[in-house]
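This is upload23.cif (mmCIF, C-alpha atoms).
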```cif
data_protein
loop_
_atom_site.label_atom_id
_atom_site.label_comp_id
_atom_site.auth_asym_id
_atom_site.auth_seq_id
_atom_site.Cartn_x
_atom_site.Cartn_y
_atom_site.Cartn_z
CA MET S 1 -4.37 -45.97 8.04
CA PHE S 2 -1.20 -44.09 7.03
CA THR S 3 -2.58 -43.47 3.53
CA SER S 4 -5.86 -42.16 4.88
CA LYS S 5 -4.01 -39.72 7.16
CA ILE S 6 -2.00 -38.42 4.21
CA ALA S 7 -5.19 -37.93 2.24
CA ALA S 8 -6.78 -36.08 5.13
CA LEU S 9 -3.77 -33.78 5.41
CA ALA S 10 -3.88 -33.10 1.69
CA LEU S 11 -7.44 -31.89 2.10
CA LEU S 12 -6.56 -29.70 5.06
CA VAL S 13 -3.50 -27.95 3.62
CA PRO S 14 -5.31 -25.80 1.03
CA SER S 15 -7.69 -24.48 3.68
CA ILE S 16 -4.74 -23.62 5.92
CA LEU S 17 -2.99 -21.73 3.13
CA VAL S 18 -6.04 -19.68 2.16
CA SER S 19 -5.40 -17.13 4.92
CA ALA S 20 -1.63 -17.05 4.53
CA THR S 21 0.17 -14.01 3.14
CA PRO S 22 2.93 -14.87 0.64
CA VAL S 23 6.42 -14.12 1.96
CA PHE S 24 8.10 -11.45 -0.18
CA LYS S 25 11.19 -9.37 0.47
CA ASN S 26 12.57 -6.67 -1.79
CA HIS S 27 15.82 -4.86 -1.08
CA GLY S 28 15.23 -1.77 -3.20
CA THR S 29 15.32 -3.34 -6.65
CA VAL S 30 12.85 -3.03 -9.53
CA ALA S 31 13.35 -6.49 -11.03
CA GLU S 32 11.52 -8.54 -8.36
CA TRP S 33 8.20 -6.72 -8.75
CA ASP S 34 5.43 -7.74 -11.14
CA GLY S 35 5.68 -4.37 -12.84
CA THR S 36 5.90 -0.58 -12.65
CA ASN S 37 3.32 2.08 -13.37
CA HIS S 38 4.59 5.54 -14.24
CA GLU S 39 2.12 7.93 -15.84
CA HIS S 40 2.73 11.08 -17.89
CA LYS S 41 6.06 12.59 -16.77
CA GLY S 42 6.51 10.28 -13.80
CA THR S 43 9.47 7.95 -13.40
CA VAL S 44 10.36 4.81 -11.44
CA ASN S 45 14.05 3.91 -11.20
CA GLN S 46 16.42 1.78 -9.16
CA VAL S 47 19.21 3.92 -7.71
CA ASP S 48 22.38 3.22 -5.74
CA ASN S 49 23.12 6.64 -4.21
CA VAL S 50 20.30 6.60 -1.61
CA SER S 51 19.16 3.56 0.37
CA TYR S 52 17.93 2.44 3.77
CA GLU S 53 19.68 -0.89 4.44
CA SER S 54 20.83 -2.36 1.14
CA ASP S 55 22.88 -0.72 -1.60
CA THR S 56 19.87 0.24 -3.71
CA SER S 57 16.41 1.75 -3.42
CA ILE S 58 13.52 2.63 -5.71
CA LYS S 59 13.27 6.32 -6.55
CA VAL S 60 9.91 7.62 -7.77
CA ILE S 61 9.13 11.05 -9.20
CA GLN S 62 5.96 12.78 -10.33
CA VAL S 63 5.69 16.12 -12.12
CA TYR S 64 2.61 18.33 -12.16
CA ASP S 65 1.32 19.47 -15.56
CA PRO S 66 -1.64 21.91 -15.59
CA SER S 67 -2.59 20.81 -19.12
CA TYR S 68 -2.77 17.13 -18.16
CA THR S 69 -6.04 15.61 -16.87
CA GLY S 70 -4.93 12.04 -16.14
CA ARG S 71 -3.63 10.46 -12.96
CA TYR S 72 -0.17 10.73 -11.43
CA HIS S 73 1.10 7.26 -10.50
CA SER S 74 4.78 6.35 -10.17
CA GLU S 75 4.75 2.96 -8.45
CA VAL S 76 5.99 -0.60 -8.32
CA PHE S 77 3.40 -3.32 -7.74
CA LYS S 78 3.07 -6.95 -6.67
CA ARG S 79 -0.12 -8.84 -7.62
CA ASP S 80 -2.41 -11.05 -5.55
CA ILE S 81 -1.05 -10.27 -2.09
CA TYR S 82 -4.31 -10.79 -0.20
CA ARG S 83 -7.91 -11.87 -0.64
CA VAL S 84 -10.85 -11.36 1.68
CA GLY S 85 -10.40 -13.50 4.79
CA ASP S 86 -6.59 -13.31 4.72
CA GLU S 87 -4.34 -11.93 7.44
CA GLY S 88 -0.78 -10.70 7.23
CA PHE S 89 2.00 -8.20 7.90
CA TYR S 90 3.15 -5.65 5.30
CA GLY S 91 6.12 -3.32 5.69
CA PHE S 92 8.40 -0.91 3.89
CA ALA S 93 10.79 1.99 4.43
CA PHE S 94 10.33 5.35 2.73
CA ARG S 95 12.12 8.69 2.54
CA LEU S 96 10.70 11.97 1.29
CA HIS S 97 13.11 14.32 -0.47
CA SER S 98 14.78 16.63 2.03
CA GLU S 99 13.09 19.66 0.42
CA TRP S 100 9.60 18.09 0.34
CA ASP S 101 7.07 20.86 0.97
CA THR S 102 4.83 19.88 3.91
CA SER S 103 2.63 22.99 3.71
CA GLY S 104 -0.85 22.73 2.27
CA SER S 105 -3.52 20.08 2.66
CA GLN S 106 -3.11 17.97 -0.47
CA SER S 107 -2.31 14.29 -0.07
CA TYR S 108 0.36 12.13 -1.68
CA ASN S 109 -0.26 8.41 -1.59
CA ILE S 110 2.79 6.19 -0.92
CA ALA S 111 1.19 2.72 -0.65
CA GLN S 112 -2.12 1.04 -1.42
CA PHE S 113 -3.90 -2.25 -1.96
CA ILE S 114 -6.07 -2.24 -5.08
CA SER S 115 -7.99 -4.74 -7.24
CA ASN S 116 -9.99 -4.76 -10.47
CA LEU S 117 -13.51 -5.42 -9.17
CA LYS S 118 -15.39 -4.54 -12.36
CA ASP S 119 -17.08 -7.95 -12.74
CA ASN S 120 -17.73 -8.47 -9.02
CA PRO S 121 -21.50 -9.18 -8.65
CA ASP S 122 -21.68 -6.60 -5.84
CA ASN S 123 -20.26 -3.89 -8.08
CA THR S 124 -23.34 -2.04 -9.27
CA CYS S 125 -21.53 1.30 -9.70
CA GLY S 126 -19.33 0.18 -12.63
CA ASP S 127 -15.93 1.13 -11.20
CA ASP S 128 -12.98 -1.07 -12.10
CA PHE S 129 -9.84 -0.65 -10.00
CA ILE S 130 -10.89 0.11 -6.42
CA PRO S 131 -8.40 0.52 -3.54
CA SER S 132 -9.02 -0.72 -0.01
CA MET S 133 -6.13 0.36 2.22
CA MET S 134 -4.36 3.55 1.26
CA MET S 135 -1.44 5.18 3.08
CA TRP S 136 -0.47 8.75 2.32
CA VAL S 137 1.40 11.86 3.42
CA GLU S 138 -0.75 14.90 4.17
CA GLY S 139 1.22 17.90 5.32
CA ASN S 140 3.76 16.34 7.68
CA GLN S 141 1.47 13.52 8.81
CA LEU S 142 1.38 9.91 7.69
CA MET S 143 -2.23 8.78 7.29
CA ILE S 144 -3.94 5.45 6.63
CA ARG S 145 -7.49 4.49 5.74
CA SER S 146 -9.66 1.41 6.00
CA LYS S 147 -12.37 0.98 3.38
CA GLY S 148 -14.67 -1.84 2.30
CA GLY S 149 -17.98 -3.62 2.58
CA ASN S 150 -20.30 -2.72 -0.27
CA MET S 151 -17.94 -1.19 -2.82
CA CYS S 152 -20.57 1.25 -4.07
CA LYS S 153 -21.62 2.36 -0.58
CA SER S 154 -18.40 1.57 1.23
CA THR S 155 -17.42 2.29 4.81
CA LEU S 156 -14.41 4.59 5.08
CA LYS S 157 -12.33 5.48 8.13
CA LYS S 158 -9.15 7.56 8.28
CA PHE S 159 -6.44 7.40 10.95
CA THR S 160 -3.28 9.36 11.75
CA VAL S 161 -0.10 7.28 12.09
CA GLY S 162 2.64 9.78 12.91
CA THR S 163 4.81 12.73 11.91
CA VAL S 164 7.00 12.49 8.81
CA LYS S 165 10.30 14.34 8.53
CA PRO S 166 11.50 15.02 4.97
CA GLY S 167 15.02 13.73 4.40
CA ASN S 168 14.69 11.01 7.07
CA TRP S 169 14.02 7.34 6.49
CA HIS S 170 10.82 6.05 8.11
CA ARG S 171 9.71 2.45 8.67
CA VAL S 172 6.11 1.27 8.53
CA VAL S 173 4.59 -2.14 9.29
CA LEU S 174 0.87 -2.84 8.91
CA GLN S 175 -0.80 -5.89 10.42
CA ALA S 176 -4.21 -6.45 8.86
CA LYS S 177 -7.14 -8.84 8.99
CA TRP S 178 -8.92 -8.41 5.67
CA ARG S 179 -12.64 -8.58 6.40
CA SER S 180 -15.66 -7.20 4.54
CA ASP S 181 -17.66 -6.98 7.76
CA SER S 182 -16.86 -5.31 11.07
CA THR S 183 -14.44 -8.03 12.22
CA GLY S 184 -11.42 -6.51 10.48
CA TYR S 185 -8.32 -5.26 12.23
CA TYR S 186 -5.39 -2.86 11.73
CA LYS S 187 -2.24 -2.45 13.76
CA VAL S 188 0.49 -0.09 12.58
CA TRP S 189 4.07 0.30 13.78
CA PHE S 190 5.87 3.51 12.80
CA ASP S 191 9.65 3.62 13.16
CA GLY S 192 9.51 0.52 15.33
CA GLN S 193 6.90 1.86 17.75
CA GLU S 194 3.23 0.88 17.91
CA ALA S 195 1.34 3.86 16.52
CA LEU S 196 -2.20 2.64 15.84
CA GLU S 197 -4.52 -0.24 16.68
CA GLN S 198 -8.10 -0.49 15.42
CA SER S 199 -10.46 -3.43 15.94
CA ASN S 200 -13.95 -4.12 14.58
CA ILE S 201 -13.40 -2.24 11.33
CA ILE S 202 -14.22 -3.08 7.71
CA THR S 203 -10.96 -3.45 5.78
CA THR S 204 -11.90 -4.81 2.34
CA TYR S 205 -14.77 -5.45 -0.07
CA ARG S 206 -17.35 -8.21 -0.28
CA ASP S 207 -16.21 -11.25 -2.24
CA SER S 208 -17.99 -14.46 -1.23
CA GLN S 209 -16.00 -16.47 -3.80
CA LYS S 210 -12.63 -15.10 -2.65
CA LYS S 211 -11.97 -14.50 -6.33
CA TYR S 212 -10.35 -11.08 -6.32
CA GLY S 213 -6.71 -10.72 -5.32
CA PHE S 214 -5.48 -7.30 -4.22
CA GLN S 215 -2.15 -6.05 -5.47
CA PHE S 216 0.20 -3.97 -3.34
CA SER S 217 1.53 -0.77 -4.90
CA ALA S 218 4.25 1.42 -3.40
CA GLY S 219 5.77 4.65 -4.59
CA LEU S 220 4.11 7.98 -5.28
CA TYR S 221 0.57 8.62 -6.42
CA ALA S 222 -0.11 12.37 -6.37
CA ASN S 223 -3.83 11.75 -6.17
CA SER S 224 -4.81 15.25 -5.07
CA TRP S 225 -3.41 16.76 -8.26
CA HIS S 226 -5.93 14.68 -10.19
CA ASP S 227 -8.85 14.72 -7.76
CA ASP S 228 -8.64 18.44 -6.92
CA LYS S 229 -7.82 19.35 -10.54
CA HIS S 230 -5.05 21.69 -9.38
CA MET S 231 -1.81 21.78 -7.40
CA GLU S 232 -1.41 23.67 -4.14
CA GLY S 233 1.82 25.58 -3.62
CA THR S 234 4.77 25.79 -5.99
CA GLN S 235 6.47 22.38 -5.69
CA GLY S 236 5.52 20.81 -9.01
CA THR S 237 8.06 17.99 -8.77
CA ARG S 238 7.71 15.47 -5.93
CA GLN S 239 10.15 12.65 -5.26
CA LEU S 240 10.65 9.94 -2.67
CA TRP S 241 12.45 6.63 -2.16
CA ILE S 242 11.10 3.15 -1.24
CA ASP S 243 13.23 0.37 0.23
CA GLU S 244 13.08 -2.93 2.17
CA VAL S 245 9.52 -3.97 1.30
CA GLY S 246 8.32 -7.15 2.98
CA PHE S 247 5.12 -9.21 3.32
CA GLY S 248 4.65 -12.21 5.56
CA ASN S 249 2.88 -13.93 8.39
CA THR S 250 4.95 -12.37 11.19
CA TYR S 251 6.12 -8.89 12.12
CA GLU S 252 9.72 -9.92 11.54
CA GLU S 253 9.04 -10.96 7.95
CA ALA S 254 7.65 -7.51 7.16
CA ASP S 255 9.89 -5.27 9.30
CA PRO S 256 12.18 -3.09 7.12
CA GLY S 257 14.66 -2.97 10.00
CA ALA S 258 14.99 -6.75 10.36
CA LYS S 259 18.44 -8.10 9.61
#
```
Could you write out this structure as C-alpha cells?
Amino acid sequence: MFTSKIAALALLVPSILVSATPVFKNHGTVAEWDGTNHEHKGTVNQVDNVSYESDTSIKVIQVYDPSYTGRYHSEVFKRDIYRVGDEGFYGFAFRLHSEWDTSGSQSYNIAQFISNLKDNPDNTCGDDFIPSMMMWVEGNQLMIRSKGGNMCKSTLKKFTVGTVKPGNWHRVVLQAKWRSDSTGYYKVWFDGQEALEQSNIITTYRDSQKKYGFQFSAGLYANSWHDDKHMEGTQGTRQLWIDEVGFGNTYEEADPGAK
C-alpha cells in the first residue's frame, strides 16, 4: 500500500510542477543571467555606484545611429520562465536616467517575454522570435501589453500602468496567467500599489504541446528607433538601471522591495 502511494505521488508531482514558475532572484548582477544581448553601440554592465537595495545594479545604454538599420537591444535574459498554462509573479526595479527626455511619443521597452516560435505548427507567417508581454516607457507613462492566440493574427491589448519619474527608482510586479484563449489574467503593482487588473484576456500564443518556453528579458530595447526608422527629439543616448529582479509563485517572491 505504501509503495503504491509513493508511485501515485510520483505521477502527480510532474503535473503539479507544470504550472509553477521557477523561483529566481537577482540582486543587480550580470553573472546569474543566462546571457546578455547588446546590439550595435549598446552596452550592458554591472555597476556599484547606483542601486536600489543591494550594492550593485545592471546599467544598460543604447545609442542612436542614423546609418544603422538593425535593432537596439541592451538586455539581460533568463530562458524558459513560462510556458502556456503557467501562472506566476514577475518583478523588478528600474530607474531612468535623471535627464531622460519624456517628450515625444516613441516607446522604449524595459521588459518582455519572448520565444522562438519559428517551428510552431501554428506559425504560418514565418516569424521567429515573437514577444507576448512587453512593458515599456512612452513619454512619462509605463505601459504594458497582452498579446497572443494565433501568432499570425494575434490579439493585442495595451494598458497604462502609471507615471514614471526620471531619476527615481520604481518597482513593478506582474501577476500573470499565461493562456492562449480568453481565460488569461494580468495584475500589476506599481511602487507597491495595485495599478491594473485585467481578466479574460489572451496573454500568450497557442502551443498545445507546451513545447515553447518564453524567456524574460530586462533592460532597454529602443524599439521605436528601429520600427519608426528615425529618432524623435535630440536625446540619442538612453540609459537606465535594472535591479532586484524576481520570479516566483507568490507576490513576495517577486517583489523588489521584499527584504
Worksheet entry | Nearest-residue call for Thr21 (chain S), choices S:Tyr108, S:Ile81, S:Trp136, S:Trp169, using only C-alpha atoms |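 Of S:Tyr108, S:Ile81, S:Trp136, S:Trp169, the one nearest Thr21 (chain S), counting only C-alpha atoms, is S:Ile81.
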Discussion item. I'd like the contact shell of region 186-201 of chain S - 6 Å cut-off, only C-alpha atoms, skipping same-chain residues fewer than 6 positions apart - returned as a count of residues only.
Written reply: 8
Practice prompt. Work out how far CA of Met143 (chain S) is from CA of Thr160 (chain S), in Å to one decimal.
Written response: 4.6 Å
Discussion item. Between S:Gly167, S:Gly162, S:Gly184, S:Gly91, which residue has the minimum interatomic distance to Ser146 (chain S), considering only C-alpha atoms?
Written reply: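 The answer is S:Gly184, which sits nearest to Ser146 (chain S).
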Fill in: CA of Thr56 (chain S) to CA of Asp243 (chain S), straight-line distance in Å
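So the answer is 7.7 Å.
Across S:Tyr251, S:Phe159, S:Trp33, S:Phe94, the tightest approach to Gln215 (chain S) is made by S:Trp33 when counting only C-alpha atoms.
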Worksheet entry | Straight-line distance linking CA of Glu75 (chain S) with CA of Glu39 (chain S), stated in Å to one decimal |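 Atom-to-atom, CA of Glu75 (chain S) to CA of Glu39 (chain S), that is 9.3 Å.
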Fill in: Contacts of Ser103 (chain S) within 9 Å, all atoms listed in the file, excl. fewer than 4 positions in-chain, as a list of chain:residue names
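The residues that qualify are S:Glu138, S:Gly139, S:Asn140, S:Glu232, S:Gly233.
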Practice prompt. Using only C-alpha atoms, find the one residue out of S:Lys153, S:Gln112, S:Gln106, S:Lys41 that sits nearest to Asp228 (chain S).
Written response: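 Looking only at the distances to Asp228 (chain S), the closest residue turns out to be S:Gln106.
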Give me, as CSV, the closest atom pair and its distance (Å, one decimal) for every residue of region 19-98 of chain S within a cut-off of 12 Å of region 127-133 of chain S, counting only C-alpha atoms, rows sorted by chain and rising number.
```
residue,atom,partner,partner_atom,distance
S:Tyr82,CA,S:Ser132,CA,11.1
S:Arg83,CA,S:Ser132,CA,11.2
S:Val84,CA,S:Ser132,CA,10.9
S:Tyr90,CA,S:Met133,CA,11.5
```
Worksheet entry | Hits of the PyMOL selection byres ((chain S and resi 101) around 10) in this structure, as a list in words |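 Applying the PyMOL selection byres ((chain S and resi 101) around 10) to the structure shown produces Leu96, His97, Ser98, Glu99, Trp100, Thr102, Ser103, Gly104, Gly139, Asn140, Pro166, Gly233, Thr234, Gln235 and Arg238 of chain S.
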Item to complete: Select, from S:Tyr221, S:Phe24, S:Phe214, S:Tyr68, the residue with the minimum atom-to-atom distance to Val137 (chain S), counting all atoms listed in the file.
Response: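 So, comparing all the options, the nearest one is S:Tyr221.
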Fill in: Result set of the PyMOL selection byres ((chain S and resi 27) around 7) on the coordinates above, as number ranges by chain
S: 25-26, 28-29, 54, 243-245
Worksheet entry | Proximity to Ser180 (chain S) - best of S:Leu220, S:Val63, S:Ile202, S:Val164, only C-alpha atoms | S:Ile202
Return region 144-160 of chain S, completed with N, CA and C atoms, as a JSON list (two decimals), in the coordinates of the input.
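So the final result, stored in rebuild08.json, reads:
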```
[["chain", "number", "residue", "atom", "x", "y", "z"],
["S", 144, "ILE", "N", -3.51, 6.72, 7.19],
["S", 144, "ILE", "CA", -3.94, 5.45, 6.63],
["S", 144, "ILE", "C", -5.46, 5.39, 6.68],
["S", 145, "ARG", "N", -6.04, 4.65, 5.74],
["S", 145, "ARG", "CA", -7.49, 4.49, 5.74],
["S", 145, "ARG", "C", -7.84, 3.01, 5.71],
["S", 146, "SER", "N", -9.02, 2.70, 6.22],
["S", 146, "SER", "CA", -9.66, 1.41, 6.00],
["S", 146, "SER", "C", -10.91, 1.68, 5.18],
["S", 147, "LYS", "N", -11.20, 0.78, 4.24],
["S", 147, "LYS", "CA", -12.37, 0.98, 3.38],
["S", 147, "LYS", "C", -12.84, -0.36, 2.85],
["S", 148, "GLY", "N", -14.16, -0.58, 2.82],
["S", 148, "GLY", "CA", -14.67, -1.84, 2.30],
["S", 148, "GLY", "C", -16.14, -2.01, 2.53],
["S", 149, "GLY", "N", -16.56, -3.29, 2.51],
["S", 149, "GLY", "CA", -17.98, -3.62, 2.58],
["S", 149, "GLY", "C", -18.57, -3.60, 1.19],
["S", 150, "ASN", "N", -19.69, -2.93, 1.03],
["S", 150, "ASN", "CA", -20.30, -2.72, -0.27],
["S", 150, "ASN", "C", -19.47, -1.69, -1.03],
["S", 151, "MET", "N", -18.88, -2.08, -2.15],
["S", 151, "MET", "CA", -17.94, -1.19, -2.82],
["S", 151, "MET", "C", -18.58, 0.09, -3.37],
["S", 152, "CYS", "N", -19.89, 0.07, -3.56],
["S", 152, "CYS", "CA", -20.57, 1.25, -4.07],
["S", 152, "CYS", "C", -21.12, 2.13, -2.94],
["S", 153, "LYS", "N", -21.23, 1.59, -1.76],
["S", 153, "LYS", "CA", -21.62, 2.36, -0.58],
["S", 153, "LYS", "C", -20.71, 1.93, 0.56],
["S", 154, "SER", "N", -19.42, 2.13, 0.34],
["S", 154, "SER", "CA", -18.40, 1.57, 1.23],
["S", 154, "SER", "C", -18.29, 2.36, 2.54],
["S", 155, "THR", "N", -17.70, 1.68, 3.51],
["S", 155, "THR", "CA", -17.42, 2.29, 4.81],
["S", 155, "THR", "C", -15.97, 2.72, 4.85],
["S", 156, "LEU", "N", -15.75, 4.00, 5.12],
["S", 156, "LEU", "CA", -14.41, 4.59, 5.08],
["S", 156, "LEU", "C", -14.06, 5.18, 6.44],
["S", 157, "LYS", "N", -12.85, 4.86, 6.91],
["S", 157, "LYS", "CA", -12.33, 5.48, 8.13],
["S", 157, "LYS", "C", -10.88, 5.89, 7.88],
["S", 158, "LYS", "N", -10.50, 7.05, 8.43],
["S", 158, "LYS", "CA", -9.15, 7.56, 8.28],
["S", 158, "LYS", "C", -8.49, 7.68, 9.65],
["S", 159, "PHE", "N", -7.17, 7.38, 9.69],
["S", 159, "PHE", "CA", -6.44, 7.40, 10.95],
["S", 159, "PHE", "C", -5.08, 8.07, 10.74],
["S", 160, "THR", "N", -4.61, 8.76, 11.76],
["S", 160, "THR", "CA", -3.28, 9.36, 11.75],
["S", 160, "THR", "C", -2.27, 8.39, 12.34]]
```
